[in-house]
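Trainee: Let me begin by handing over the structure; questions about it come next.
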Amino acid sequence: MDRKTGELRVRRLPGETSEVVAFCAGLPGPTRVAYEAGPTGFALARALSTAGVECVIAAPGKIERPSSDRVKTDRRDAERLLRLLMIDGLHPVRVPSTREEALRDLVRAREDIRGDLMRARHRMSKLLLRHDVRFDQTAAPWTTQHRAWLANVDLGDRGAQVTLLDYLGAIDALIVRRDTLEAAIDELIPGSPWADTIARLRCLRGIDTLTAVGLCAEIGDWARFPRAGHVMSYLGLVPSEDSTGQTRRQGAITKTGSGHGRRLLVEAAWHYRKPPAKGQALKRRQAGQPAHVIAISWAAQQRLHRTWRRLDAERGKRRTIVAVAVARELAGFCWATANAD
């Protein structure tokens, strides 16, 4: 669309990035383009930027669509994006650098393996449960002692035994893959754009290397959020709301944004059910870090433990709900730690 004349022209392009960039670069400038964020990633946006074309990647969940609009076609979607772009009505998605995106892919690959390993272990547990085989020793499941016990389990029937060995081999293979990815993540951290931020986040209780890397990979630039509440909203940890007039109704959390980042914070929140303390592991992580970052970590322990005690012991909330509430405040402390000067 020509901004001055309002003339609209439509052309269907192939999916190759080079042809799209050539078409956009050949338009009479200055040129602005937009497309919805999706599985194609950010390669097109980087190529357009290199060609001197301003590109806006729109957040799909925040594109305005009339509730009465029941017709969806490629042309109508493109025209809607174009008109919203002309009035600055699109919410842009931050384009990460290639190094940031590569590390994020690695973190998400490790997260996928974690899910696969959990499902593989569940299959093994259900197989043993069906055959009434139980691990009665004092060690925790999936430890070295438990693995040695599994190697000696005999289910009697050949078919069941082959299934057991197949499940066991799948679990061992996934553990090797997980350890390999974790070692690669450790190697890439010193040269990553988030090296200092990761070291600071590790000063917080319940947040070690993998959690810190995962949060940085999902959030990207912490400084782009002017307030801590924006990080909480970005991760979907704020309550939903349906209010009108003098009536205010709040419901469950919105669960928008990164589910991986939200899960990491909820898992870390469980550490704050215990009274504030500095163990040896936490002291090692805090060694060499600025004093004001360590002070934020200690303030987080005190406040989040008070929140946990108030909601759990005094109000009798379910602990899963308490953990989410603590995770919301923990997101604010992560923002403060990452942006502390």
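Each chain of the structure tokens is named A, B, ... in the order shown, its residues numbered from 1; ligands are numbered from 1 in display order.
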A:Gly220: which residues within 10 Å, counting only C-alpha atoms, same-chain residues fewer than 4 positions away excluded, as a PDB file with C-alpha atoms, in the first residue's frame?
Mentor:
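Resulting contents of out-v7.pdb:
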```pdb
ATOM      1  CA  ARG A  94      11.984  -8.666  19.749  1.00  0.00           C
ATOM      2  CA  VAL A  95      14.348 -10.147  17.166  1.00  0.00           C
ATOM      3  CA  PRO A  96      17.189 -11.982  18.947  1.00  0.00           C
ATOM      4  CA  SER A  97      20.691 -12.171  17.584  1.00  0.00           C
ATOM      5  CA  GLU A 100      20.990 -15.731  21.287  1.00  0.00           C
ATOM      6  CA  GLU A 101      18.703 -17.791  19.081  1.00  0.00           C
ATOM      7  CA  ARG A 104      17.822 -20.692  23.006  1.00  0.00           C
ATOM      8  CA  PRO A 193      25.520 -12.245  25.614  1.00  0.00           C
ATOM      9  CA  TRP A 194      23.954 -13.295  28.929  1.00  0.00           C
ATOM     10  CA  GLY A 214      16.575 -20.926  30.467  1.00  0.00           C
ATOM     11  CA  LEU A 215      15.163 -17.663  31.824  1.00  0.00           C
ATOM     12  CA  CYS A 216      17.617 -15.571  29.815  1.00  0.00           C
ATOM     13  CA  ARG A 224      13.390  -3.879  27.641  1.00  0.00           C
TER      14      ARG A 224
END
```
Trainee: Using the chain letters and numbers from this document, which residues of stretch 18-51 of chain A does DSSP assign to alpha helix (DSSP H), as a PyMOL selection string?
Mentor: chain A and resi 18-25+43-50
Trainee: Please, which residues of stretch 242-299 of chain A, numbered as in this document, come out strand (DSSP E) from DSSP, as a ChimeraX atom specification?
Mentor: /A:250-253
Trainee: Which is closest to A:Leu103 among A:Leu84, A:Ile189, A:Leu117, A:Ala340, if we use only C-alpha atoms?
Mentor: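 Of A:Leu84, A:Ile189, A:Leu117, A:Ala340, the one nearest A:Leu103 is A:Ile189, counting only C-alpha atoms.
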Trainee: Tell me, in Å to one decimal, how far atom CA of A:Leu128 is from atom CA of A:Glu111.
Mentor: 26.1 Å
Trainee: So how many Å separate atom CA of A:Ala327 and atom CA of A:Gly206, to one decimal?
Mentor: 10.9 Å
Trainee: May I have the residues within 9 Å of A:Leu155 as a PyMOL selection string, using only C-alpha atoms and disregarding those fewer than 2 positions away in the same chain?
Mentor: chain A and resi 128+131+133+153+157-158+160-161+164
Trainee: Write out as a PDB file with N, CA and C atoms, in the first residue's frame each polymer residue whose atoms come within 12 Å of A:Thr197, counting only C-alpha atoms; drop sequence neighbours fewer than 5 positions from it.
Mentor:
```pdb
ATOM      1  N   ILE A 189      28.147 -20.691  27.711  1.00  0.00           N
ATOM      2  CA  ILE A 189      27.764 -19.585  28.594  1.00  0.00           C
ATOM      3  C   ILE A 189      28.813 -18.479  28.632  1.00  0.00           C
ATOM      4  N   PRO A 190      30.122 -18.766  28.812  1.00  0.00           N
ATOM      5  CA  PRO A 190      31.096 -17.661  28.913  1.00  0.00           C
ATOM      6  C   PRO A 190      31.106 -16.731  27.710  1.00  0.00           C
ATOM      7  N   SER A 192      28.460 -16.135  25.727  1.00  0.00           N
ATOM      8  CA  SER A 192      27.107 -15.721  25.359  1.00  0.00           C
ATOM      9  C   SER A 192      26.846 -14.287  25.795  1.00  0.00           C
ATOM     10  N   ARG A 202      22.113 -16.549  39.277  1.00  0.00           N
ATOM     11  CA  ARG A 202      22.498 -17.693  40.101  1.00  0.00           C
ATOM     12  C   ARG A 202      22.675 -17.318  41.568  1.00  0.00           C
ATOM     13  N   CYS A 203      22.702 -16.034  41.866  1.00  0.00           N
ATOM     14  CA  CYS A 203      22.776 -15.593  43.265  1.00  0.00           C
ATOM     15  C   CYS A 203      21.455 -15.793  43.997  1.00  0.00           C
ATOM     16  N   LEU A 204      20.371 -15.987  43.266  1.00  0.00           N
ATOM     17  CA  LEU A 204      19.065 -16.172  43.880  1.00  0.00           C
ATOM     18  C   LEU A 204      18.877 -17.624  44.293  1.00  0.00           C
ATOM     19  N   THR A 209      22.487 -22.843  37.200  1.00  0.00           N
ATOM     20  CA  THR A 209      22.892 -22.529  35.834  1.00  0.00           C
ATOM     21  C   THR A 209      21.791 -22.787  34.814  1.00  0.00           C
ATOM     22  N   THR A 211      18.538 -23.131  35.121  1.00  0.00           N
ATOM     23  CA  THR A 211      17.383 -22.251  35.282  1.00  0.00           C
ATOM     24  C   THR A 211      17.709 -20.845  34.814  1.00  0.00           C
ATOM     25  N   ALA A 212      18.898 -20.349  35.162  1.00  0.00           N
ATOM     26  CA  ALA A 212      19.292 -18.997  34.756  1.00  0.00           C
ATOM     27  C   ALA A 212      19.410 -18.895  33.239  1.00  0.00           C
ATOM     28  N   VAL A 213      20.027 -19.898  32.621  1.00  0.00           N
ATOM     29  CA  VAL A 213      20.155 -19.883  31.158  1.00  0.00           C
ATOM     30  C   VAL A 213      18.778 -19.954  30.507  1.00  0.00           C
ATOM     31  N   GLY A 214      17.908 -20.800  31.036  1.00  0.00           N
ATOM     32  CA  GLY A 214      16.575 -20.926  30.467  1.00  0.00           C
ATOM     33  C   GLY A 214      15.783 -19.632  30.545  1.00  0.00           C
ATOM     34  N   LEU A 215      15.874 -18.934  31.680  1.00  0.00           N
ATOM     35  CA  LEU A 215      15.163 -17.663  31.824  1.00  0.00           C
ATOM     36  C   LEU A 215      15.708 -16.617  30.856  1.00  0.00           C
ATOM     37  N   CYS A 216      17.024 -16.546  30.739  1.00  0.00           N
ATOM     38  CA  CYS A 216      17.617 -15.571  29.815  1.00  0.00           C
ATOM     39  C   CYS A 216      17.259 -15.893  28.365  1.00  0.00           C
ATOM     40  N   ALA A 217      17.236 -17.178  28.029  1.00  0.00           N
ATOM     41  CA  ALA A 217      16.915 -17.555  26.658  1.00  0.00           C
ATOM     42  C   ALA A 217      15.476 -17.229  26.307  1.00  0.00           C
ATOM     43  N   ILE A 219      13.496 -14.836  27.897  1.00  0.00           N
ATOM     44  CA  ILE A 219      13.173 -13.415  28.064  1.00  0.00           C
ATOM     45  C   ILE A 219      14.028 -12.549  27.162  1.00  0.00           C
ATOM     46  N   GLY A 220      15.278 -12.904  26.955  1.00  0.00           N
ATOM     47  CA  GLY A 220      16.157 -12.120  26.096  1.00  0.00           C
ATOM     48  C   GLY A 220      16.731 -10.929  26.828  1.00  0.00           C
ATOM     49  N   ASP A 221      16.358  -9.745  26.406  1.00  0.00           N
ATOM     50  CA  ASP A 221      16.878  -8.513  26.986  1.00  0.00           C
ATOM     51  C   ASP A 221      15.994  -8.103  28.162  1.00  0.00           C
ATOM     52  N   TRP A 222      16.509  -8.245  29.378  1.00  0.00           N
ATOM     53  CA  TRP A 222      15.726  -7.889  30.568  1.00  0.00           C
ATOM     54  C   TRP A 222      15.462  -6.385  30.634  1.00  0.00           C
ATOM     55  N   ALA A 223      16.357  -5.594  30.078  1.00  0.00           N
ATOM     56  CA  ALA A 223      16.223  -4.139  30.179  1.00  0.00           C
ATOM     57  C   ALA A 223      15.064  -3.597  29.354  1.00  0.00           C
ATOM     58  N   GLN A 289      30.376 -11.863  43.185  1.00  0.00           N
ATOM     59  CA  GLN A 289      29.301 -11.038  42.633  1.00  0.00           C
ATOM     60  C   GLN A 289      29.158  -9.727  43.408  1.00  0.00           C
ATOM     61  N   PRO A 290      28.586  -8.685  42.789  1.00  0.00           N
ATOM     62  CA  PRO A 290      28.455  -7.392  43.469  1.00  0.00           C
ATOM     63  C   PRO A 290      27.635  -7.496  44.748  1.00  0.00           C
ATOM     64  N   VAL A 293      23.835  -7.059  44.446  1.00  0.00           N
ATOM     65  CA  VAL A 293      23.123  -8.223  43.905  1.00  0.00           C
ATOM     66  C   VAL A 293      22.890  -9.258  44.998  1.00  0.00           C
ATOM     67  N   CYS A 334      14.072 -11.451  39.859  1.00  0.00           N
ATOM     68  CA  CYS A 334      14.977 -11.756  38.744  1.00  0.00           C
ATOM     69  C   CYS A 334      15.198 -10.514  37.891  1.00  0.00           C
ATOM     70  N   TRP A 335      14.114  -9.784  37.620  1.00  0.00           N
ATOM     71  CA  TRP A 335      14.242  -8.547  36.835  1.00  0.00           C
ATOM     72  C   TRP A 335      15.137  -7.537  37.560  1.00  0.00           C
ATOM     73  N   ALA A 336      14.938  -7.402  38.872  1.00  0.00           N
ATOM     74  CA  ALA A 336      15.749  -6.463  39.641  1.00  0.00           C
ATOM     75  C   ALA A 336      17.225  -6.879  39.656  1.00  0.00           C
ATOM     76  N   THR A 337      17.477  -8.174  39.765  1.00  0.00           N
ATOM     77  CA  THR A 337      18.855  -8.669  39.782  1.00  0.00           C
ATOM     78  C   THR A 337      19.533  -8.459  38.432  1.00  0.00           C
ATOM     79  N   ALA A 338      18.800  -8.736  37.354  1.00  0.00           N
ATOM     80  CA  ALA A 338      19.391  -8.600  36.014  1.00  0.00           C
ATOM     81  C   ALA A 338      19.670  -7.148  35.657  1.00  0.00           C
ATOM     82  N   ASN A 339      18.867  -6.211  36.163  1.00  0.00           N
ATOM     83  CA  ASN A 339      19.010  -4.805  35.814  1.00  0.00           C
ATOM     84  C   ASN A 339      19.707  -3.980  36.884  1.00  0.00           C
ATOM     85  N   ALA A 340      20.193  -4.637  37.942  1.00  0.00           N
ATOM     86  CA  ALA A 340      20.846  -3.889  39.018  1.00  0.00           C
ATOM     87  C   ALA A 340      22.157  -3.283  38.535  1.00  0.00           C
ATOM     88  N   ASP A 341      22.349  -1.996  38.825  1.00  0.00           N
ATOM     89  CA  ASP A 341      23.592  -1.296  38.426  1.00  0.00           C
ATOM     90  C   ASP A 341      24.525  -1.150  39.639  1.00  0.00           C
TER      91      ASP A 341
END
```
Trainee: Name the residues in contact with A:Leu174 at a cut-off of 8 Å, using only C-alpha atoms, excluding same-chain residues fewer than 2 positions from it; report them as a compact mmCIF listing (two decimals) with C-alpha atoms, in the first residue's frame.
Mentor:
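Contents of the output file around-v1.txt:
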```txt
# COMPACT_ATOMS: atom_id res chain seq x y z
CA ILE A 113 14.75 -34.21 26.30
CA ASP A 116 10.98 -37.27 26.84
CA LEU A 117 12.94 -38.64 29.80
CA ALA A 170 15.70 -45.60 26.00
CA ILE A 171 16.15 -44.05 29.44
CA ASP A 172 19.94 -44.51 29.36
CA VAL A 176 23.41 -39.45 27.76
CA ARG A 177 21.80 -36.95 25.37
CA ARG A 178 20.74 -34.73 28.28
```
Trainee: Report, in Å to a single decimal, how far apart atom CA of A:Ala34 and atom CA of A:Cys55 are.
Mentor: 5.5 Å
Trainee: Give the answer as one residue: which of A:Arg12, A:Val56, A:Ala47, A:Lys62 has the shortest atom-to-atom distance to A:Arg75, using only C-alpha atoms?
Mentor: A:Arg12
Trainee: When you look at A:Gln286 with a cut-off of 12 Å (counting only C-alpha atoms), what residues show up, excluding the ones that are within fewer than 6 positions of it in the same chain? I need them as an mmCIF file with N, CA and C atoms, in the first residue's frame.
Mentor:
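Result went into part_22.cif, see below:
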```cif
data_model
loop_
_atom_site.group_PDB
_atom_site.id
_atom_site.type_symbol
_atom_site.label_atom_id
_atom_site.label_comp_id
_atom_site.auth_asym_id
_atom_site.auth_seq_id
_atom_site.Cartn_x
_atom_site.Cartn_y
_atom_site.Cartn_z
ATOM 1 N N ILE A 198 23.486 -14.298 33.739
ATOM 2 C CA ILE A 198 23.360 -15.654 34.287
ATOM 3 C C ILE A 198 24.063 -15.742 35.633
ATOM 4 N N ALA A 199 25.257 -15.168 35.728
ATOM 5 C CA ALA A 199 25.992 -15.196 36.994
ATOM 6 C C ALA A 199 25.216 -14.464 38.087
ATOM 7 N N ARG A 200 24.536 -13.396 37.735
ATOM 8 C CA ARG A 200 23.754 -12.660 38.736
ATOM 9 C C ARG A 200 22.513 -13.439 39.168
ATOM 10 N N LEU A 201 21.820 -14.031 38.195
ATOM 11 C CA LEU A 201 20.611 -14.778 38.535
ATOM 12 C C LEU A 201 20.928 -15.983 39.420
ATOM 13 N N ARG A 202 22.113 -16.549 39.277
ATOM 14 C CA ARG A 202 22.498 -17.693 40.101
ATOM 15 C C ARG A 202 22.675 -17.318 41.568
ATOM 16 N N CYS A 203 22.702 -16.034 41.866
ATOM 17 C CA CYS A 203 22.776 -15.593 43.265
ATOM 18 C C CYS A 203 21.455 -15.793 43.997
ATOM 19 N N LEU A 204 20.371 -15.987 43.266
ATOM 20 C CA LEU A 204 19.065 -16.172 43.880
ATOM 21 C C LEU A 204 18.877 -17.624 44.293
ATOM 22 N N ARG A 205 18.225 -17.814 45.395
ATOM 23 C CA ARG A 205 17.966 -19.164 45.886
ATOM 24 C C ARG A 205 17.056 -19.908 44.910
ATOM 25 N N ILE A 207 17.841 -20.916 41.936
ATOM 26 C CA ILE A 207 18.180 -20.676 40.533
ATOM 27 C C ILE A 207 19.648 -21.006 40.331
ATOM 28 N N ASP A 208 19.908 -22.094 39.603
ATOM 29 C CA ASP A 208 21.276 -22.450 39.263
ATOM 30 C C ASP A 208 21.463 -22.252 37.761
ATOM 31 N N LYS A 278 21.748 -19.319 53.956
ATOM 32 C CA LYS A 278 22.769 -19.335 52.916
ATOM 33 C C LYS A 278 23.596 -20.602 53.061
ATOM 34 N N GLY A 279 23.279 -21.583 52.229
ATOM 35 C CA GLY A 279 24.044 -22.818 52.237
ATOM 36 C C GLY A 279 25.355 -22.666 51.490
ATOM 37 N N GLN A 280 26.150 -23.719 51.528
ATOM 38 C CA GLN A 280 27.449 -23.671 50.880
ATOM 39 C C GLN A 280 27.329 -23.514 49.366
ATOM 40 N N HIS A 292 25.440 -5.437 45.997
ATOM 41 C CA HIS A 292 24.021 -5.087 45.898
ATOM 42 C C HIS A 292 23.205 -6.220 45.287
ATOM 43 N N VAL A 293 23.835 -7.059 44.446
ATOM 44 C CA VAL A 293 23.123 -8.223 43.905
ATOM 45 C C VAL A 293 22.890 -9.258 44.998
ATOM 46 N N ILE A 294 23.889 -9.465 45.844
ATOM 47 C CA ILE A 294 23.732 -10.395 46.974
ATOM 48 C C ILE A 294 22.677 -9.880 47.939
ATOM 49 N N ALA A 295 22.610 -8.549 48.112
ATOM 50 C CA ALA A 295 21.595 -7.963 48.995
ATOM 51 C C ALA A 295 20.193 -8.208 48.438
ATOM 52 N N ILE A 296 20.031 -8.105 47.124
ATOM 53 C CA ILE A 296 18.736 -8.388 46.516
ATOM 54 C C ILE A 296 18.358 -9.849 46.733
ATOM 55 N N SER A 297 19.340 -10.738 46.631
ATOM 56 C CA SER A 297 19.080 -12.158 46.852
ATOM 57 C C SER A 297 18.584 -12.420 48.277
ATOM 58 N N TRP A 298 19.216 -11.761 49.249
ATOM 59 C CA TRP A 298 18.809 -11.963 50.649
ATOM 60 C C TRP A 298 17.420 -11.368 50.891
#
```
Trainee: Tell me, as a PyMOL selection string, which residues lie within 12 Å of A:Ala148, counting only C-alpha atoms; anything in the same chain fewer than 6 positions away does not count.
Mentor: chain A and resi 135+137+139+141-142+168
Trainee: Take the residues from that selection and put them in a file with C-alpha atoms, as a PDB file, in the first residue's frame.
Mentor:
```pdb
ATOM      1  CA  PHE A 135      11.599 -50.866  44.564  1.00  0.00           C
ATOM      2  CA  GLN A 137      15.087 -49.896  49.143  1.00  0.00           C
ATOM      3  CA  ALA A 139      17.342 -44.848  48.014  1.00  0.00           C
ATOM      4  CA  PRO A 141      14.087 -43.609  42.471  1.00  0.00           C
ATOM      5  CA  TRP A 142      16.228 -43.002  39.400  1.00  0.00           C
ATOM      6  CA  LEU A 168      15.792 -49.153  30.091  1.00  0.00           C
TER       7      LEU A 168
END
```
Trainee: Given only C-alpha atoms as the basis, pick out the residue of A:Glu267, A:Arg309, A:Gly236, A:Glu36 nearest to A:Lys255.
Mentor: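 Nearest candidate to A:Lys255 out of A:Glu267, A:Arg309, A:Gly236, A:Glu36: A:Gly236.
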